[in-house]
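Below is model_21.cif, which holds mmCIF, C-alpha atoms and all ligand atoms.
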data_work
#
loop_
_atom_site.group_PDB
_atom_site.id
_atom_site.type_symbol
_atom_site.label_atom_id
_atom_site.label_comp_id
_atom_site.auth_asym_id
_atom_site.auth_seq_id
_atom_site.Cartn_x
_atom_site.Cartn_y
_atom_site.Cartn_z
ATOM 1 C CA MET K 1 1.774 18.130 -2.562
ATOM 2 C CA MET K 2 2.807 15.393 -5.037
ATOM 3 C CA GLN K 3 3.467 12.308 -2.901
ATOM 4 C CA GLN K 4 4.325 8.642 -3.265
ATOM 5 C CA SER K 5 2.737 5.856 -1.189
ATOM 6 C CA VAL K 6 3.811 2.232 -0.910
ATOM 7 C CA VAL K 7 1.012 -0.319 -1.284
ATOM 8 C CA LEU K 8 1.307 -4.064 -0.655
ATOM 9 C CA VAL K 9 -1.232 -6.675 -1.653
ATOM 10 C CA LYS K 10 -0.818 -9.045 1.309
ATOM 11 C CA PRO K 11 -0.815 -12.879 0.995
ATOM 12 C CA ASP K 12 -4.594 -13.089 1.566
ATOM 13 C CA GLY K 13 -5.210 -10.647 -1.307
ATOM 14 C CA LEU K 14 -2.957 -12.661 -3.599
ATOM 15 C CA GLN K 15 -4.584 -15.993 -2.608
ATOM 16 C CA ARG K 16 -8.103 -14.610 -3.015
ATOM 17 C CA GLY K 17 -7.397 -13.335 -6.534
ATOM 18 C CA LEU K 18 -7.866 -9.661 -5.662
ATOM 19 C CA ILE K 19 -4.649 -8.228 -7.156
ATOM 20 C CA GLY K 20 -6.364 -6.955 -10.311
ATOM 21 C CA GLU K 21 -9.354 -5.587 -8.400
ATOM 22 C CA ILE K 22 -7.067 -3.642 -6.064
ATOM 23 C CA ILE K 23 -4.857 -2.264 -8.845
ATOM 24 C CA ALA K 24 -7.955 -1.267 -10.855
ATOM 25 C CA ARG K 25 -9.251 0.881 -7.999
ATOM 26 C CA PHE K 26 -6.034 2.918 -7.829
ATOM 27 C CA GLU K 27 -5.833 3.205 -11.623
ATOM 28 C CA ARG K 28 -9.362 4.463 -12.077
ATOM 29 C CA LYS K 29 -8.977 6.920 -9.183
ATOM 30 C CA GLY K 30 -6.318 8.684 -11.266
ATOM 31 C CA LEU K 31 -3.215 7.662 -9.330
ATOM 32 C CA LYS K 32 -0.022 6.971 -11.245
ATOM 33 C CA LEU K 33 1.813 3.637 -10.901
ATOM 34 C CA VAL K 34 5.583 4.199 -10.690
ATOM 35 C CA ALA K 35 6.778 0.785 -9.394
ATOM 36 C CA LEU K 36 5.382 -2.752 -9.284
ATOM 37 C CA LYS K 37 6.810 -6.169 -8.427
ATOM 38 C CA MET K 38 6.135 -9.537 -6.828
ATOM 39 C CA THR K 39 8.528 -10.300 -3.994
ATOM 40 C CA THR K 40 8.879 -12.132 -0.695
ATOM 41 C CA LEU K 41 9.367 -10.355 2.621
ATOM 42 C CA SER K 42 12.300 -11.417 4.829
ATOM 43 C CA HIS K 43 12.371 -11.437 8.652
ATOM 44 C CA ASP K 44 14.793 -8.529 8.479
ATOM 45 C CA VAL K 45 12.550 -6.385 6.245
ATOM 46 C CA LEU K 46 9.452 -7.207 8.329
ATOM 47 C CA ASP K 47 11.258 -6.339 11.602
ATOM 48 C CA GLN K 48 11.945 -2.884 10.164
ATOM 49 C CA TRP K 49 8.583 -2.531 8.383
ATOM 50 C CA TYR K 50 6.592 -3.301 11.534
ATOM 51 C CA ALA K 51 9.124 -1.929 14.083
ATOM 52 C CA HIS K 52 6.289 0.028 15.778
ATOM 53 C CA HIS K 53 4.409 -3.272 16.400
ATOM 54 C CA LYS K 54 7.415 -5.137 17.823
ATOM 55 C CA GLU K 55 5.984 -5.341 21.353
ATOM 56 C CA LYS K 56 2.449 -6.247 20.254
ATOM 57 C CA PRO K 57 1.151 -9.766 20.967
ATOM 58 C CA PHE K 58 0.290 -10.255 17.290
ATOM 59 C CA PHE K 59 3.784 -9.373 16.006
ATOM 60 C CA SER K 60 5.075 -12.911 15.331
ATOM 61 C CA GLY K 61 1.723 -13.968 13.841
ATOM 62 C CA LEU K 62 1.749 -10.883 11.630
ATOM 63 C CA LYS K 63 5.220 -11.730 10.345
ATOM 64 C CA ALA K 64 4.253 -15.358 9.658
ATOM 65 C CA PHE K 65 1.149 -14.156 7.794
ATOM 66 C CA MET K 66 3.160 -11.726 5.656
ATOM 67 C CA MET K 67 5.580 -14.549 4.733
ATOM 68 C CA GLN K 68 2.939 -17.123 3.736
ATOM 69 C CA THR K 69 3.236 -16.306 0.025
ATOM 70 C CA PRO K 70 4.923 -13.629 -2.091
ATOM 71 C CA ILE K 71 3.297 -10.211 -1.969
ATOM 72 C CA ILE K 72 2.721 -7.546 -4.612
ATOM 73 C CA ALA K 73 4.583 -4.310 -3.878
ATOM 74 C CA MET K 74 3.703 -1.065 -5.628
ATOM 75 C CA VAL K 75 4.473 2.633 -5.458
ATOM 76 C CA TRP K 76 1.620 4.956 -6.443
ATOM 77 C CA GLU K 77 2.024 8.682 -7.009
ATOM 78 C CA GLY K 78 -0.453 11.539 -6.880
ATOM 79 C CA LEU K 79 -1.414 14.775 -5.144
ATOM 80 C CA ASP K 80 -1.703 13.978 -1.411
ATOM 81 C CA ALA K 81 -1.416 10.309 -2.360
ATOM 82 C CA VAL K 82 -0.777 9.049 1.208
ATOM 83 C CA ASP K 83 -4.110 10.199 2.669
ATOM 84 C CA THR K 84 -6.039 9.574 -0.552
ATOM 85 C CA ILE K 85 -4.883 5.954 -0.680
ATOM 86 C CA ARG K 86 -5.656 5.362 2.998
ATOM 87 C CA LYS K 87 -9.232 6.451 2.301
ATOM 88 C CA LEU K 88 -9.465 4.020 -0.625
ATOM 89 C CA VAL K 89 -8.059 1.250 1.613
ATOM 90 C CA GLY K 90 -10.325 1.840 4.658
ATOM 91 C CA LEU K 91 -9.961 1.120 8.388
ATOM 92 C CA THR K 92 -7.647 -1.673 9.624
ATOM 93 C CA LYS K 93 -10.496 -3.914 10.793
ATOM 94 C CA GLY K 94 -12.227 -5.085 7.637
ATOM 95 C CA ARG K 95 -15.630 -5.562 9.208
ATOM 96 C CA GLU K 96 -15.637 -1.949 10.442
ATOM 97 C CA ALA K 97 -14.194 -0.424 7.269
ATOM 98 C CA GLU K 98 -16.535 1.794 5.305
ATOM 99 C CA ALA K 99 -18.417 0.177 2.422
ATOM 100 C CA GLY K 100 -16.862 1.325 -0.833
ATOM 101 C CA SER K 101 -13.311 1.073 0.531
ATOM 102 C CA ILE K 102 -11.162 -1.939 -0.426
ATOM 103 C CA ARG K 103 -11.298 -3.473 3.059
ATOM 104 C CA GLY K 104 -14.946 -2.407 3.446
ATOM 105 C CA ASP K 105 -15.853 -4.288 0.296
ATOM 106 C CA PHE K 106 -13.604 -7.350 0.546
ATOM 107 C CA ALA K 107 -12.345 -7.926 4.114
ATOM 108 C CA MET K 108 -13.796 -9.139 7.420
ATOM 109 C CA SER K 109 -10.632 -9.506 9.504
ATOM 110 C CA GLN K 110 -8.381 -7.197 11.528
ATOM 111 C CA SER K 111 -5.255 -9.135 10.580
ATOM 112 C CA ASN K 112 -6.114 -10.592 7.163
ATOM 113 C CA ASN K 113 -6.981 -7.203 5.761
ATOM 114 C CA LEU K 114 -5.707 -7.652 2.180
ATOM 115 C CA ILE K 115 -3.580 -4.591 1.750
ATOM 116 C CA HIS K 116 -0.997 -2.276 3.274
ATOM 117 C CA ALA K 117 -0.688 1.432 2.539
ATOM 118 C CA SER K 118 1.874 3.894 3.944
ATOM 119 C CA ASP K 119 0.501 5.997 6.824
ATOM 120 C CA SER K 120 2.786 9.028 6.312
ATOM 121 C CA VAL K 121 5.135 10.542 3.757
ATOM 122 C CA GLU K 122 8.045 9.690 6.047
ATOM 123 C CA ASN K 123 7.035 6.010 6.312
ATOM 124 C CA ALA K 124 6.415 5.863 2.560
ATOM 125 C CA LYS K 125 10.078 6.836 2.029
ATOM 126 C CA LYS K 126 11.265 4.269 4.563
ATOM 127 C CA GLU K 127 9.124 1.512 3.012
ATOM 128 C CA ARG K 128 10.148 2.438 -0.526
ATOM 129 C CA ASN K 129 13.816 2.181 0.413
ATOM 130 C CA LEU K 130 13.263 -1.171 2.163
ATOM 131 C CA LEU K 131 11.676 -2.818 -0.889
ATOM 132 C CA PHE K 132 12.783 -0.999 -4.035
ATOM 133 C CA ALA K 133 16.124 -0.204 -5.657
ATOM 134 C CA GLN K 134 16.328 3.247 -7.243
ATOM 135 C CA GLY K 135 16.173 1.715 -10.741
ATOM 136 C CA GLU K 136 12.838 0.027 -9.926
ATOM 137 C CA ILE K 137 11.016 3.359 -9.470
ATOM 138 C CA PHE K 138 10.093 4.985 -12.762
ATOM 139 C CA ALA K 139 9.694 8.697 -13.506
ATOM 140 C CA TYR K 140 7.565 9.222 -16.616
ATOM 141 C CA GLU K 141 5.029 11.703 -17.950
ATOM 142 C CA SER K 142 1.432 10.638 -17.313
ATOM 143 C CA GLY K 143 -0.808 10.950 -20.385
ATOM 144 C CA VAL K 144 -3.879 11.615 -18.259
ATOM 145 C CA ASP K 145 -2.612 13.864 -15.441
ATOM 146 C CA CYS K 146 -3.734 16.846 -17.582
ATOM 147 C CA LEU K 147 -7.312 15.461 -17.321
ATOM 148 C CA VAL K 148 -7.140 14.119 -13.772
ATOM 149 C CA TYR K 149 -5.848 17.445 -12.358
ATOM 150 C CA SER K 150 -6.227 21.129 -13.193
ATOM 151 C CA LYS K 151 -3.248 23.113 -14.540
ATOM 152 C CA GLU K 152 -3.071 24.949 -11.218
ATOM 153 C CA GLU K 153 -2.887 21.696 -9.293
ATOM 154 C CA LEU K 154 -0.086 20.496 -11.559
ATOM 155 C CA GLY K 155 1.716 23.834 -11.175
ATOM 156 C CA LYS K 156 1.724 24.391 -14.961
HETATM 157 P P1 LIG K 201 -1.767 -2.623 8.705
HETATM 158 O O1 LIG K 201 -2.553 -1.581 9.420
HETATM 159 O O2 LIG K 201 -1.502 -2.543 7.276
HETATM 160 O O3 LIG K 201 -0.354 -2.788 9.474
HETATM 161 C C1 LIG K 201 -0.274 -3.466 10.703
HETATM 162 C C2 LIG K 201 -0.929 -4.793 10.542
HETATM 163 O O4 LIG K 201 -0.952 -5.577 11.702
HETATM 164 C C3 LIG K 201 -2.408 -4.584 10.202
HETATM 165 O O5 LIG K 201 -2.512 -4.044 8.941
HETATM 166 C C4 LIG K 201 -2.903 -5.992 10.388
HETATM 167 O O6 LIG K 201 -2.573 -6.827 9.282
HETATM 168 C C5 LIG K 201 -2.108 -6.405 11.610
HETATM 169 N N1 LIG K 201 -2.872 -6.193 12.833
HETATM 170 C C6 LIG K 201 -3.267 -5.031 13.370
HETATM 171 N N2 LIG K 201 -3.934 -5.229 14.512
HETATM 172 C C7 LIG K 201 -3.964 -6.560 14.705
HETATM 173 C C8 LIG K 201 -4.493 -7.390 15.718
HETATM 174 N N3 LIG K 201 -5.133 -6.882 16.777
HETATM 175 N N4 LIG K 201 -4.340 -8.710 15.584
HETATM 176 C C9 LIG K 201 -3.669 -9.217 14.536
HETATM 177 N N5 LIG K 201 -3.138 -8.479 13.548
HETATM 178 C C10 LIG K 201 -3.280 -7.168 13.630
#
So, in terms of structure tokens, how does the structure I just supplied come out?
Ligand code: CMP
Amino acid sequence: MMQQSVVLVKPDGLQRGLIGEIIARFERKGLKLVALKMTTLSHDVLDQWYAHHKEKPFFSGLKAFMMQTPIIAMVWEGLDAVDTIRKLVGLTKGREAEAGSIRGDFAMSQSNNLIHASDSVENAKKERNLLFAQGEIFAYESGVDCLVYSKEELGK
């Protein structure tokens, strides 16, 4: 199924100069970029974004971390994009993440883990609506989808 996933480069990724490296990995995988911006995250957005972590002891520290600098917010599209992107990103704890994944290659920490990726199609929709206006998401024909996928996969 064609899906969208929301990816954030967190403040540690921005400070460490890894924005280009992270974007390059999604590009060369064959995913399609449909939205991209630099923005700051408000308390209100973070309360909703991390609602499932509200009772966790690290919640306030997590919010402070996510507000240290602006972040890069993106929407990537592709077949089964949610699971595919989570594989590229790797496990939450950087030092346990598989080598070859973004966290496996660049992160050591469980909290400063460089990047966020939606964990379900439902959360991707919620996150997209929290950060992007409709006009900031772009529908366009990819010039390489015909090479990245088979005709059958594209339903053509
Ligand atoms: P992510 O999985 O993208 O979303 C939840 C975030 O909470 C996670 O990345 C980390 O940045 C952070 N996090 C998860 N577990 C811990 C923890 N035990 N201590 C501090 N931060 C955490």
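In this structure, atom CA of Lys54 of chain K sits 21.7 Å away from atom CA of Asp12 of chain K.
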Please, which residues in chain K fall within 6 Å of ligand LIG 201 (chain K) when counting all atoms listed in the file, and what is the closest atom pair and distance in Å to one decimal for each, ordered by chain then residue number, as CSV?
residue,atom,partner,partner_atom,distance
K:Phe58,CA,K:LIG201,C9,4.9
K:Leu62,CA,K:LIG201,N5,5.8
K:Thr92,CA,K:LIG201,O1,5.1
K:Gln110,CA,K:LIG201,C7,5.5
K:Ser111,CA,K:LIG201,N5,3.7
K:Asn112,CA,K:LIG201,O6,5.6
K:Asn113,CA,K:LIG201,O6,5.7
K:His116,CA,K:LIG201,O2,4.0
What separates atom CA of Gly94 of chain K and atom CA of Met2 of chain K is a distance of 28.4 Å
Answer key for the PyMOL selection byres (((chain K and resi 114) around 12) and not hetatm), residues as an mmCIF file with C-alpha atoms, keeping the file's coordinate frame:
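Written output follows (out.cif):
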data_model
loop_
_atom_site.group_PDB
_atom_site.id
_atom_site.type_symbol
_atom_site.label_atom_id
_atom_site.label_comp_id
_atom_site.auth_asym_id
_atom_site.auth_seq_id
_atom_site.Cartn_x
_atom_site.Cartn_y
_atom_site.Cartn_z
ATOM 1 C CA VAL K 7 1.012 -0.319 -1.284
ATOM 2 C CA LEU K 8 1.307 -4.064 -0.655
ATOM 3 C CA VAL K 9 -1.232 -6.675 -1.653
ATOM 4 C CA LYS K 10 -0.818 -9.045 1.309
ATOM 5 C CA PRO K 11 -0.815 -12.879 0.995
ATOM 6 C CA ASP K 12 -4.594 -13.089 1.566
ATOM 7 C CA GLY K 13 -5.210 -10.647 -1.307
ATOM 8 C CA LEU K 14 -2.957 -12.661 -3.599
ATOM 9 C CA GLN K 15 -4.584 -15.993 -2.608
ATOM 10 C CA ARG K 16 -8.103 -14.610 -3.015
ATOM 11 C CA GLY K 17 -7.397 -13.335 -6.534
ATOM 12 C CA LEU K 18 -7.866 -9.661 -5.662
ATOM 13 C CA ILE K 19 -4.649 -8.228 -7.156
ATOM 14 C CA GLU K 21 -9.354 -5.587 -8.400
ATOM 15 C CA ILE K 22 -7.067 -3.642 -6.064
ATOM 16 C CA PHE K 65 1.149 -14.156 7.794
ATOM 17 C CA MET K 66 3.160 -11.726 5.656
ATOM 18 C CA ILE K 71 3.297 -10.211 -1.969
ATOM 19 C CA ILE K 72 2.721 -7.546 -4.612
ATOM 20 C CA VAL K 89 -8.059 1.250 1.613
ATOM 21 C CA GLY K 90 -10.325 1.840 4.658
ATOM 22 C CA LEU K 91 -9.961 1.120 8.388
ATOM 23 C CA THR K 92 -7.647 -1.673 9.624
ATOM 24 C CA LYS K 93 -10.496 -3.914 10.793
ATOM 25 C CA GLY K 94 -12.227 -5.085 7.637
ATOM 26 C CA SER K 101 -13.311 1.073 0.531
ATOM 27 C CA ILE K 102 -11.162 -1.939 -0.426
ATOM 28 C CA ARG K 103 -11.298 -3.473 3.059
ATOM 29 C CA GLY K 104 -14.946 -2.407 3.446
ATOM 30 C CA ASP K 105 -15.853 -4.288 0.296
ATOM 31 C CA PHE K 106 -13.604 -7.350 0.546
ATOM 32 C CA ALA K 107 -12.345 -7.926 4.114
ATOM 33 C CA MET K 108 -13.796 -9.139 7.420
ATOM 34 C CA SER K 109 -10.632 -9.506 9.504
ATOM 35 C CA GLN K 110 -8.381 -7.197 11.528
ATOM 36 C CA SER K 111 -5.255 -9.135 10.580
ATOM 37 C CA ASN K 112 -6.114 -10.592 7.163
ATOM 38 C CA ASN K 113 -6.981 -7.203 5.761
ATOM 39 C CA ILE K 115 -3.580 -4.591 1.750
ATOM 40 C CA HIS K 116 -0.997 -2.276 3.274
ATOM 41 C CA ALA K 117 -0.688 1.432 2.539
#
Which one is closest to Ala64 of chain K: K:Gln48, K:Ser5, K:Ser118, K:Ser42? Count only C-alpha atoms.
K:Ser42
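Going from atom CA of Thr39 of chain K to atom CA of Gly100 of chain K covers 28.1 Å.
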Counting only C-alpha atoms, which of K:Ser120, K:Gln68, K:Gln134, K:Thr40 gets nearest to Thr84 of chain K?
K:Ser120
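Residues of protein, DNA and RNA with at least one atom no farther than 12 Å from (-8.5, 5.7, -9.0) are, using all atoms listed in the file, Glu21, Ile22, Ile23, Ala24, Arg25, Phe26, Glu27, Arg28, Lys29, Gly30, Leu31, Lys32, Leu33, Trp76, Glu77, Gly78, Ala81, Thr84, Ile85, Lys87, Leu88, Val89, Ser101, Ile102, Val144, Asp145 and Val148 of chain K.
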Take the residues that were just selected and, keeping C-alpha atoms, output them as an mmCIF file, keeping the file's coordinate frame.
data_model
loop_
_atom_site.group_PDB
_atom_site.id
_atom_site.type_symbol
_atom_site.label_atom_id
_atom_site.label_comp_id
_atom_site.auth_asym_id
_atom_site.auth_seq_id
_atom_site.Cartn_x
_atom_site.Cartn_y
_atom_site.Cartn_z
ATOM 1 C CA GLU K 21 -9.354 -5.587 -8.400
ATOM 2 C CA ILE K 22 -7.067 -3.642 -6.064
ATOM 3 C CA ILE K 23 -4.857 -2.264 -8.845
ATOM 4 C CA ALA K 24 -7.955 -1.267 -10.855
ATOM 5 C CA ARG K 25 -9.251 0.881 -7.999
ATOM 6 C CA PHE K 26 -6.034 2.918 -7.829
ATOM 7 C CA GLU K 27 -5.833 3.205 -11.623
ATOM 8 C CA ARG K 28 -9.362 4.463 -12.077
ATOM 9 C CA LYS K 29 -8.977 6.920 -9.183
ATOM 10 C CA GLY K 30 -6.318 8.684 -11.266
ATOM 11 C CA LEU K 31 -3.215 7.662 -9.330
ATOM 12 C CA LYS K 32 -0.022 6.971 -11.245
ATOM 13 C CA LEU K 33 1.813 3.637 -10.901
ATOM 14 C CA TRP K 76 1.620 4.956 -6.443
ATOM 15 C CA GLU K 77 2.024 8.682 -7.009
ATOM 16 C CA GLY K 78 -0.453 11.539 -6.880
ATOM 17 C CA ALA K 81 -1.416 10.309 -2.360
ATOM 18 C CA THR K 84 -6.039 9.574 -0.552
ATOM 19 C CA ILE K 85 -4.883 5.954 -0.680
ATOM 20 C CA LYS K 87 -9.232 6.451 2.301
ATOM 21 C CA LEU K 88 -9.465 4.020 -0.625
ATOM 22 C CA VAL K 89 -8.059 1.250 1.613
ATOM 23 C CA SER K 101 -13.311 1.073 0.531
ATOM 24 C CA ILE K 102 -11.162 -1.939 -0.426
ATOM 25 C CA VAL K 144 -3.879 11.615 -18.259
ATOM 26 C CA ASP K 145 -2.612 13.864 -15.441
ATOM 27 C CA VAL K 148 -7.140 14.119 -13.772
#
For the structure provided, state which residues fall under the PyMOL selection byres (((chain K and resi 127) around 10) and not hetatm), and present them as a PyMOL selection string.
chain K and resi 5-7+45+48-49+75+117-118+121-126+128-132
With all atoms listed in the file as the atoms that count, which of K:Val82, K:Ala99, K:Met38, K:Cys146 lies nearest to Gln4 of chain K?
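Going through K:Val82, K:Ala99, K:Met38, K:Cys146 one by one, the smallest distance to Gln4 of chain K is for K:Val82.
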